[in-house]
Every structure is written in C-alpha cells, then in structure tokens.
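Novice: Input file: input-v7.pdb. Contents: PDB, N, CA and C atoms, pLDDT in the B column.
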ATOM      1  N   MET A   1      33.699 -59.125 -28.956  1.00 57.00           N
ATOM      2  CA  MET A   1      33.172 -58.205 -29.923  1.00 57.00           C
ATOM      3  C   MET A   1      33.332 -58.814 -31.313  1.00 57.00           C
ATOM      4  N   GLY A   2      32.314 -58.657 -32.121  1.00 63.00           N
ATOM      5  CA  GLY A   2      32.355 -59.225 -33.452  1.00 63.00           C
ATOM      6  C   GLY A   2      33.168 -58.392 -34.417  1.00 63.00           C
ATOM      7  N   LYS A   3      33.206 -58.868 -35.668  1.00 70.00           N
ATOM      8  CA  LYS A   3      34.001 -58.183 -36.681  1.00 70.00           C
ATOM      9  C   LYS A   3      33.498 -56.762 -36.940  1.00 70.00           C
ATOM     10  N   ASN A   4      32.179 -56.573 -36.927  1.00 70.00           N
ATOM     11  CA  ASN A   4      31.648 -55.235 -37.187  1.00 70.00           C
ATOM     12  C   ASN A   4      32.057 -54.261 -36.095  1.00 70.00           C
ATOM     13  N   GLY A   5      32.080 -54.697 -34.843  1.00 71.00           N
ATOM     14  CA  GLY A   5      32.511 -53.826 -33.750  1.00 71.00           C
ATOM     15  C   GLY A   5      33.967 -53.449 -33.867  1.00 71.00           C
ATOM     16  N   GLU A   6      34.784 -54.412 -34.259  1.00 76.00           N
ATOM     17  CA  GLU A   6      36.214 -54.134 -34.431  1.00 76.00           C
ATOM     18  C   GLU A   6      36.447 -53.183 -35.594  1.00 76.00           C
ATOM     19  N   ARG A   7      35.697 -53.346 -36.669  1.00 79.00           N
ATOM     20  CA  ARG A   7      35.821 -52.439 -37.810  1.00 79.00           C
ATOM     21  C   ARG A   7      35.383 -51.037 -37.429  1.00 79.00           C
ATOM     22  N   GLY A   8      34.339 -50.937 -36.613  1.00 79.00           N
ATOM     23  CA  GLY A   8      33.865 -49.634 -36.171  1.00 79.00           C
ATOM     24  C   GLY A   8      34.892 -48.920 -35.324  1.00 79.00           C
ATOM     25  N   ILE A   9      35.561 -49.648 -34.447  1.00 82.00           N
ATOM     26  CA  ILE A   9      36.581 -49.045 -33.602  1.00 82.00           C
ATOM     27  C   ILE A   9      37.757 -48.575 -34.447  1.00 82.00           C
ATOM     28  N   GLU A  10      38.189 -49.397 -35.388  1.00 86.00           N
ATOM     29  CA  GLU A  10      39.293 -49.007 -36.262  1.00 86.00           C
ATOM     30  C   GLU A  10      38.919 -47.801 -37.121  1.00 86.00           C
ATOM     31  N   TRP A  11      37.686 -47.777 -37.610  1.00 86.00           N
ATOM     32  CA  TRP A  11      37.205 -46.658 -38.410  1.00 86.00           C
ATOM     33  C   TRP A  11      37.220 -45.385 -37.570  1.00 86.00           C
ATOM     34  N   PHE A  12      36.740 -45.473 -36.332  1.00 85.00           N
ATOM     35  CA  PHE A  12      36.692 -44.313 -35.456  1.00 85.00           C
ATOM     36  C   PHE A  12      38.095 -43.793 -35.150  1.00 85.00           C
ATOM     37  N   LYS A  13      39.034 -44.689 -34.881  1.00 85.00           N
ATOM     38  CA  LYS A  13      40.411 -44.279 -34.598  1.00 85.00           C
ATOM     39  C   LYS A  13      41.024 -43.570 -35.807  1.00 85.00           C
ATOM     40  N   ARG A  14      40.765 -44.095 -36.995  1.00 88.00           N
ATOM     41  CA  ARG A  14      41.331 -43.510 -38.211  1.00 88.00           C
ATOM     42  C   ARG A  14      40.731 -42.128 -38.477  1.00 88.00           C
ATOM     43  N   ILE A  15      39.414 -42.008 -38.320  1.00 87.00           N
ATOM     44  CA  ILE A  15      38.749 -40.725 -38.541  1.00 87.00           C
ATOM     45  C   ILE A  15      39.210 -39.702 -37.507  1.00 87.00           C
ATOM     46  N   LYS A  16      39.335 -40.134 -36.252  1.00 86.00           N
ATOM     47  CA  LYS A  16      39.784 -39.239 -35.179  1.00 86.00           C
ATOM     48  C   LYS A  16      41.184 -38.714 -35.472  1.00 86.00           C
ATOM     49  N   ALA A  17      42.071 -39.577 -35.918  1.00 87.00           N
ATOM     50  CA  ALA A  17      43.432 -39.164 -36.244  1.00 87.00           C
ATOM     51  C   ALA A  17      43.443 -38.211 -37.438  1.00 87.00           C
ATOM     52  N   ASP A  18      42.642 -38.500 -38.462  1.00 87.00           N
ATOM     53  CA  ASP A  18      42.586 -37.631 -39.635  1.00 87.00           C
ATOM     54  C   ASP A  18      42.069 -36.244 -39.277  1.00 87.00           C
ATOM     55  N   LEU A  19      41.033 -36.184 -38.454  1.00 85.00           N
ATOM     56  CA  LEU A  19      40.489 -34.893 -38.041  1.00 85.00           C
ATOM     57  C   LEU A  19      41.497 -34.110 -37.204  1.00 85.00           C
ATOM     58  N   ALA A  20      42.237 -34.814 -36.347  1.00 86.00           N
ATOM     59  CA  ALA A  20      43.242 -34.143 -35.527  1.00 86.00           C
ATOM     60  C   ALA A  20      44.358 -33.576 -36.393  1.00 86.00           C
ATOM     61  N   ILE A  21      44.803 -34.328 -37.384  1.00 87.00           N
ATOM     62  CA  ILE A  21      45.853 -33.851 -38.283  1.00 87.00           C
ATOM     63  C   ILE A  21      45.364 -32.649 -39.073  1.00 87.00           C
ATOM     64  N   ASP A  22      44.137 -32.722 -39.590  1.00 85.00           N
ATOM     65  CA  ASP A  22      43.589 -31.596 -40.340  1.00 85.00           C
ATOM     66  C   ASP A  22      43.438 -30.360 -39.460  1.00 85.00           C
ATOM     67  N   GLY A  23      42.976 -30.557 -38.235  1.00 82.00           N
ATOM     68  CA  GLY A  23      42.823 -29.424 -37.321  1.00 82.00           C
ATOM     69  C   GLY A  23      44.150 -28.810 -36.938  1.00 82.00           C
ATOM     70  N   ALA A  24      45.159 -29.642 -36.748  1.00 85.00           N
ATOM     71  CA  ALA A  24      46.482 -29.135 -36.378  1.00 85.00           C
ATOM     72  C   ALA A  24      47.161 -28.416 -37.544  1.00 85.00           C
ATOM     73  N   ASN A  25      46.817 -28.780 -38.768  1.00 85.00           N
ATOM     74  CA  ASN A  25      47.438 -28.170 -39.939  1.00 85.00           C
ATOM     75  C   ASN A  25      46.637 -27.024 -40.535  1.00 85.00           C
ATOM     76  N   ALA A  26      45.422 -26.796 -40.042  1.00 83.00           N
ATOM     77  CA  ALA A  26      44.586 -25.725 -40.582  1.00 83.00           C
ATOM     78  C   ALA A  26      45.196 -24.371 -40.238  1.00 83.00           C
ATOM     79  N   ALA A  27      45.183 -23.489 -41.204  1.00 80.00           N
ATOM     80  CA  ALA A  27      45.782 -22.164 -40.993  1.00 80.00           C
ATOM     81  C   ALA A  27      44.946 -21.363 -40.009  1.00 80.00           C
ATOM     82  N   SER A  28      45.597 -20.825 -39.015  1.00 77.00           N
ATOM     83  CA  SER A  28      45.020 -19.930 -38.011  1.00 77.00           C
ATOM     84  C   SER A  28      43.771 -20.501 -37.329  1.00 77.00           C
ATOM     85  N   SER A  29      43.770 -21.782 -37.024  1.00 80.00           N
ATOM     86  CA  SER A  29      42.654 -22.362 -36.287  1.00 80.00           C
ATOM     87  C   SER A  29      43.030 -22.494 -34.817  1.00 80.00           C
ATOM     88  N   THR A  30      42.023 -22.647 -33.997  1.00 83.00           N
ATOM     89  CA  THR A  30      42.248 -22.818 -32.566  1.00 83.00           C
ATOM     90  C   THR A  30      43.048 -24.078 -32.298  1.00 83.00           C
ATOM     91  N   LEU A  31      42.722 -25.154 -33.012  1.00 85.00           N
ATOM     92  CA  LEU A  31      43.436 -26.408 -32.809  1.00 85.00           C
ATOM     93  C   LEU A  31      44.886 -26.306 -33.256  1.00 85.00           C
ATOM     94  N   ALA A  32      45.153 -25.546 -34.316  1.00 88.00           N
ATOM     95  CA  ALA A  32      46.531 -25.383 -34.791  1.00 88.00           C
ATOM     96  C   ALA A  32      47.364 -24.614 -33.772  1.00 88.00           C
ATOM     97  N   ARG A  33      46.774 -23.572 -33.192  1.00 89.00           N
ATOM     98  CA  ARG A  33      47.506 -22.812 -32.171  1.00 89.00           C
ATOM     99  C   ARG A  33      47.770 -23.664 -30.942  1.00 89.00           C
ATOM    100  N   LYS A  34      46.773 -24.444 -30.543  1.00 89.00           N
ATOM    101  CA  LYS A  34      46.941 -25.311 -29.381  1.00 89.00           C
ATOM    102  C   LYS A  34      47.991 -26.381 -29.661  1.00 89.00           C
ATOM    103  N   TYR A  35      47.957 -26.960 -30.869  1.00 90.00           N
ATOM    104  CA  TYR A  35      48.939 -27.982 -31.230  1.00 90.00           C
ATOM    105  C   TYR A  35      50.352 -27.409 -31.195  1.00 90.00           C
ATOM    106  N   ALA A  36      50.543 -26.223 -31.742  1.00 91.00           N
ATOM    107  CA  ALA A  36      51.881 -25.620 -31.776  1.00 91.00           C
ATOM    108  C   ALA A  36      52.412 -25.393 -30.362  1.00 91.00           C
ATOM    109  N   ARG A  37      51.536 -24.939 -29.480  1.00 93.00           N
ATOM    110  CA  ARG A  37      51.952 -24.702 -28.107  1.00 93.00           C
ATOM    111  C   ARG A  37      52.315 -26.012 -27.402  1.00 93.00           C
ATOM    112  N   LEU A  38      51.468 -27.035 -27.576  1.00 93.00           N
ATOM    113  CA  LEU A  38      51.702 -28.317 -26.912  1.00 93.00           C
ATOM    114  C   LEU A  38      52.893 -29.057 -27.507  1.00 93.00           C
ATOM    115  N   GLU A  39      53.076 -28.948 -28.814  1.00 92.00           N
ATOM    116  CA  GLU A  39      54.168 -29.666 -29.486  1.00 92.00           C
ATOM    117  C   GLU A  39      55.533 -29.167 -29.015  1.00 92.00           C
ATOM    118  N   SER A  40      55.626 -27.878 -28.785  1.00 93.00           N
ATOM    119  CA  SER A  40      56.905 -27.344 -28.325  1.00 93.00           C
ATOM    120  C   SER A  40      57.187 -27.741 -26.872  1.00 93.00           C
ATOM    121  N   GLU A  41      56.127 -27.968 -26.118  1.00 94.00           N
ATOM    122  CA  GLU A  41      56.308 -28.301 -24.706  1.00 94.00           C
ATOM    123  C   GLU A  41      56.409 -29.810 -24.449  1.00 94.00           C
ATOM    124  N   TYR A  42      55.570 -30.619 -25.128  1.00 95.00           N
ATOM    125  CA  TYR A  42      55.487 -32.040 -24.821  1.00 95.00           C
ATOM    126  C   TYR A  42      55.959 -32.976 -25.924  1.00 95.00           C
ATOM    127  N   GLY A  43      56.080 -32.484 -27.137  1.00 94.00           N
ATOM    128  CA  GLY A  43      56.463 -33.342 -28.246  1.00 94.00           C
ATOM    129  C   GLY A  43      55.282 -33.635 -29.155  1.00 94.00           C
ATOM    130  N   ILE A  44      55.608 -34.238 -30.295  1.00 91.00           N
ATOM    131  CA  ILE A  44      54.608 -34.451 -31.341  1.00 91.00           C
ATOM    132  C   ILE A  44      53.529 -35.436 -30.916  1.00 91.00           C
ATOM    133  N   ARG A  45      53.907 -36.573 -30.359  1.00 92.00           N
ATOM    134  CA  ARG A  45      52.925 -37.620 -30.050  1.00 92.00           C
ATOM    135  C   ARG A  45      51.923 -37.187 -28.987  1.00 92.00           C
ATOM    136  N   LYS A  46      52.417 -36.622 -27.896  1.00 94.00           N
ATOM    137  CA  LYS A  46      51.502 -36.197 -26.839  1.00 94.00           C
ATOM    138  C   LYS A  46      50.621 -35.041 -27.296  1.00 94.00           C
ATOM    139  N   ALA A  47      51.184 -34.146 -28.068  1.00 92.00           N
ATOM    140  CA  ALA A  47      50.389 -33.030 -28.577  1.00 92.00           C
ATOM    141  C   ALA A  47      49.271 -33.543 -29.481  1.00 92.00           C
ATOM    142  N   MET A  48      49.575 -34.525 -30.330  1.00 91.00           N
ATOM    143  CA  MET A  48      48.552 -35.065 -31.226  1.00 91.00           C
ATOM    144  C   MET A  48      47.472 -35.811 -30.442  1.00 91.00           C
ATOM    145  N   LEU A  49      47.841 -36.486 -29.363  1.00 91.00           N
ATOM    146  CA  LEU A  49      46.841 -37.157 -28.538  1.00 91.00           C
ATOM    147  C   LEU A  49      45.880 -36.156 -27.906  1.00 91.00           C
ATOM    148  N   VAL A  50      46.409 -35.043 -27.454  1.00 92.00           N
ATOM    149  CA  VAL A  50      45.552 -34.009 -26.869  1.00 92.00           C
ATOM    150  C   VAL A  50      44.619 -33.433 -27.926  1.00 92.00           C
ATOM    151  N   ILE A  51      45.130 -33.204 -29.124  1.00 89.00           N
ATOM    152  CA  ILE A  51      44.296 -32.675 -30.203  1.00 89.00           C
ATOM    153  C   ILE A  51      43.218 -33.690 -30.581  1.00 89.00           C
ATOM    154  N   GLU A  52      43.548 -34.978 -30.602  1.00 90.00           N
ATOM    155  CA  GLU A  52      42.541 -36.013 -30.876  1.00 90.00           C
ATOM    156  C   GLU A  52      41.445 -35.988 -29.819  1.00 90.00           C
ATOM    157  N   GLN A  53      41.808 -35.842 -28.561  1.00 90.00           N
ATOM    158  CA  GLN A  53      40.810 -35.765 -27.494  1.00 90.00           C
ATOM    159  C   GLN A  53      39.932 -34.538 -27.661  1.00 90.00           C
ATOM    160  N   ASN A  54      40.534 -33.424 -28.052  1.00 87.00           N
ATOM    161  CA  ASN A  54      39.762 -32.212 -28.287  1.00 87.00           C
ATOM    162  C   ASN A  54      38.790 -32.373 -29.447  1.00 87.00           C
ATOM    163  N   VAL A  55      39.219 -33.071 -30.491  1.00 85.00           N
ATOM    164  CA  VAL A  55      38.343 -33.304 -31.644  1.00 85.00           C
ATOM    165  C   VAL A  55      37.129 -34.114 -31.226  1.00 85.00           C
ATOM    166  N   VAL A  56      37.343 -35.163 -30.446  1.00 86.00           N
ATOM    167  CA  VAL A  56      36.219 -35.985 -29.984  1.00 86.00           C
ATOM    168  C   VAL A  56      35.270 -35.143 -29.142  1.00 86.00           C
ATOM    169  N   TYR A  57      35.813 -34.335 -28.257  1.00 85.00           N
ATOM    170  CA  TYR A  57      35.006 -33.480 -27.401  1.00 85.00           C
ATOM    171  C   TYR A  57      34.196 -32.483 -28.232  1.00 85.00           C
ATOM    172  N   LEU A  58      34.828 -31.868 -29.222  1.00 82.00           N
ATOM    173  CA  LEU A  58      34.142 -30.886 -30.051  1.00 82.00           C
ATOM    174  C   LEU A  58      33.054 -31.529 -30.914  1.00 82.00           C
ATOM    175  N   VAL A  59      33.340 -32.696 -31.484  1.00 82.00           N
ATOM    176  CA  VAL A  59      32.337 -33.396 -32.288  1.00 82.00           C
ATOM    177  C   VAL A  59      31.155 -33.794 -31.414  1.00 82.00           C
ATOM    178  N   TRP A  60      31.428 -34.214 -30.192  1.00 84.00           N
ATOM    179  CA  TRP A  60      30.352 -34.571 -29.273  1.00 84.00           C
ATOM    180  C   TRP A  60      29.462 -33.364 -28.998  1.00 84.00           C
ATOM    181  N   HIS A  61      30.059 -32.199 -28.794  1.00 81.00           N
ATOM    182  CA  HIS A  61      29.274 -30.996 -28.551  1.00 81.00           C
ATOM    183  C   HIS A  61      28.472 -30.589 -29.783  1.00 81.00           C
ATOM    184  N   ILE A  62      29.068 -30.748 -30.955  1.00 83.00           N
ATOM    185  CA  ILE A  62      28.352 -30.413 -32.185  1.00 83.00           C
ATOM    186  C   ILE A  62      27.132 -31.305 -32.349  1.00 83.00           C
ATOM    187  N   ILE A  63      27.292 -32.601 -32.090  1.00 85.00           N
ATOM    188  CA  ILE A  63      26.171 -33.539 -32.232  1.00 85.00           C
ATOM    189  C   ILE A  63      25.133 -33.309 -31.144  1.00 85.00           C
ATOM    190  N   ARG A  64      25.580 -33.139 -29.906  1.00 88.00           N
ATOM    191  CA  ARG A  64      24.651 -32.997 -28.784  1.00 88.00           C
ATOM    192  C   ARG A  64      23.840 -31.713 -28.874  1.00 88.00           C
ATOM    193  N   ASP A  65      24.501 -30.595 -29.167  1.00 85.00           N
ATOM    194  CA  ASP A  65      23.834 -29.304 -29.152  1.00 85.00           C
ATOM    195  C   ASP A  65      23.289 -28.881 -30.507  1.00 85.00           C
ATOM    196  N   GLY A  66      23.703 -29.572 -31.563  1.00 83.00           N
ATOM    197  CA  GLY A  66      23.264 -29.207 -32.902  1.00 83.00           C
ATOM    198  C   GLY A  66      23.852 -27.879 -33.364  1.00 83.00           C
ATOM    199  N   ARG A  67      25.027 -27.528 -32.855  1.00 77.00           N
ATOM    200  CA  ARG A  67      25.671 -26.266 -33.202  1.00 77.00           C
ATOM    201  C   ARG A  67      26.707 -26.496 -34.290  1.00 77.00           C
ATOM    202  N   SER A  68      27.083 -25.414 -34.953  1.00 75.00           N
ATOM    203  CA  SER A  68      28.077 -25.518 -36.008  1.00 75.00           C
ATOM    204  C   SER A  68      29.463 -25.207 -35.457  1.00 75.00           C
ATOM    205  N   CYS A  69      30.470 -25.463 -36.271  1.00 70.00           N
ATOM    206  CA  CYS A  69      31.851 -25.154 -35.884  1.00 70.00           C
ATOM    207  C   CYS A  69      32.025 -23.664 -35.661  1.00 70.00           C
ATOM    208  N   ARG A  70      31.385 -22.869 -36.478  1.00 70.00           N
ATOM    209  CA  ARG A  70      31.509 -21.417 -36.329  1.00 70.00           C
ATOM    210  C   ARG A  70      30.916 -20.937 -35.016  1.00 70.00           C
ATOM    211  N   GLU A  71      29.809 -21.536 -34.593  1.00 69.00           N
ATOM    212  CA  GLU A  71      29.215 -21.158 -33.311  1.00 69.00           C
ATOM    213  C   GLU A  71      30.129 -21.511 -32.147  1.00 69.00           C
ATOM    214  N   LEU A  72      30.836 -22.622 -32.262  1.00 65.00           N
ATOM    215  CA  LEU A  72      31.756 -23.032 -31.208  1.00 65.00           C
ATOM    216  C   LEU A  72      33.124 -22.354 -31.331  1.00 65.00           C
ATOM    217  N   LYS A  73      33.320 -21.595 -32.424  1.00 64.00           N
ATOM    218  CA  LYS A  73      34.573 -20.877 -32.694  1.00 64.00           C
ATOM    219  C   LYS A  73      35.772 -21.807 -32.721  1.00 64.00           C
ATOM    220  N   ILE A  74      35.634 -22.909 -33.435  1.00 60.00           N
ATOM    221  CA  ILE A  74      36.712 -23.900 -33.512  1.00 60.00           C
ATOM    222  C   ILE A  74      37.727 -23.496 -34.564  1.00 60.00           C
ATOM    223  N   PHE A  75      37.281 -23.165 -35.756  1.00 53.00           N
ATOM    224  CA  PHE A  75      38.191 -22.926 -36.873  1.00 53.00           C
ATOM    225  C   PHE A  75      38.270 -21.460 -37.262  1.00 53.00           C
ATOM    226  N   ILE A  76      37.869 -20.578 -36.392  1.00 40.00           N
ATOM    227  CA  ILE A  76      37.874 -19.143 -36.722  1.00 40.00           C
ATOM    228  C   ILE A  76      39.080 -18.489 -36.107  1.00 40.00           C
TER     229      ILE A  76
END
Rewrite the structure from the file as structure tokens, please.
Specialist:
Amino acid sequence: MGKNGERGIEWFKRIKADLAIDGANAASSTLARKYARLESEYGIRKAMLVIEQNVVYLVWHIIRDGRSCRELKIFI
C-alpha cells in the first residue's frame, strides 16, 4: 500500500476514535449510556472499542440510507 493508503487508514482510525470519545462523553446520548454500562463491566479499553465499532456501524447506516442521526435516534 502506498503512502496515501497509509495516511487514509491513519486518518480513519483517528476520526473513528474522536467520534467514539465524543459519543461516549455526550450528555444523555445512547452511546454514552452504552459506554457507561460497558465500562463498568469490561473496562475502559474494551468499552471504547465497542463504541468505535458502533460509530462505524452508525456512520455506515447514515451514508447508506441517507438518514440523519435524529432518525436513527443516536443522540436523542
């Protein structure tokens, strides 16, 4: 893989982590409630990995279906 592919992967990892942190810290969001539940059971690292996977899944649905976050009830 060339330099552009490696930069794209690093960019994606950084954005995914940032979105997961924002979702976990958002007041009264679905991701924040899920993070709190998982963090108490599995720890910080595993809980954050699950939230990152959820973010990717939700973004994929938003792009595929053309729906908004409110329609998917992510941050409500």
Novice: Given the file shown, determine the residues that the PyMOL selection byres (((chain A and resi 52 and name CA) around 8) and name CA) selects; report them as a list of chain:residue names.
Specialist: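 After applying the PyMOL selection byres (((chain A and resi 52 and name CA) around 8) and name CA), what remains is A:Lys16, A:Ala17, A:Leu19, A:Ala20, A:Met48, A:Leu49, A:Val50, A:Ile51, A:Gln53, A:Asn54, A:Val55, A:Val56.
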Novice: So what do you get for CA of Cys69 in chain A versus CA of Thr30 in chain A, distance-wise?
Specialist: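 If I compute the distance from CA of Cys69 in chain A to CA of Thr30 in chain A, I get 11.2 Å.
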Novice: Between CA of Ala47 in chain A and CA of Lys34 in chain A, what is the distance, to one decimal in Å?
Specialist: 8.5 Å
Novice: CA of Arg70 in chain A and CA of Ser29 in chain A, how far apart in Å?
Specialist: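 Distance between the two atoms: 11.2 Å.
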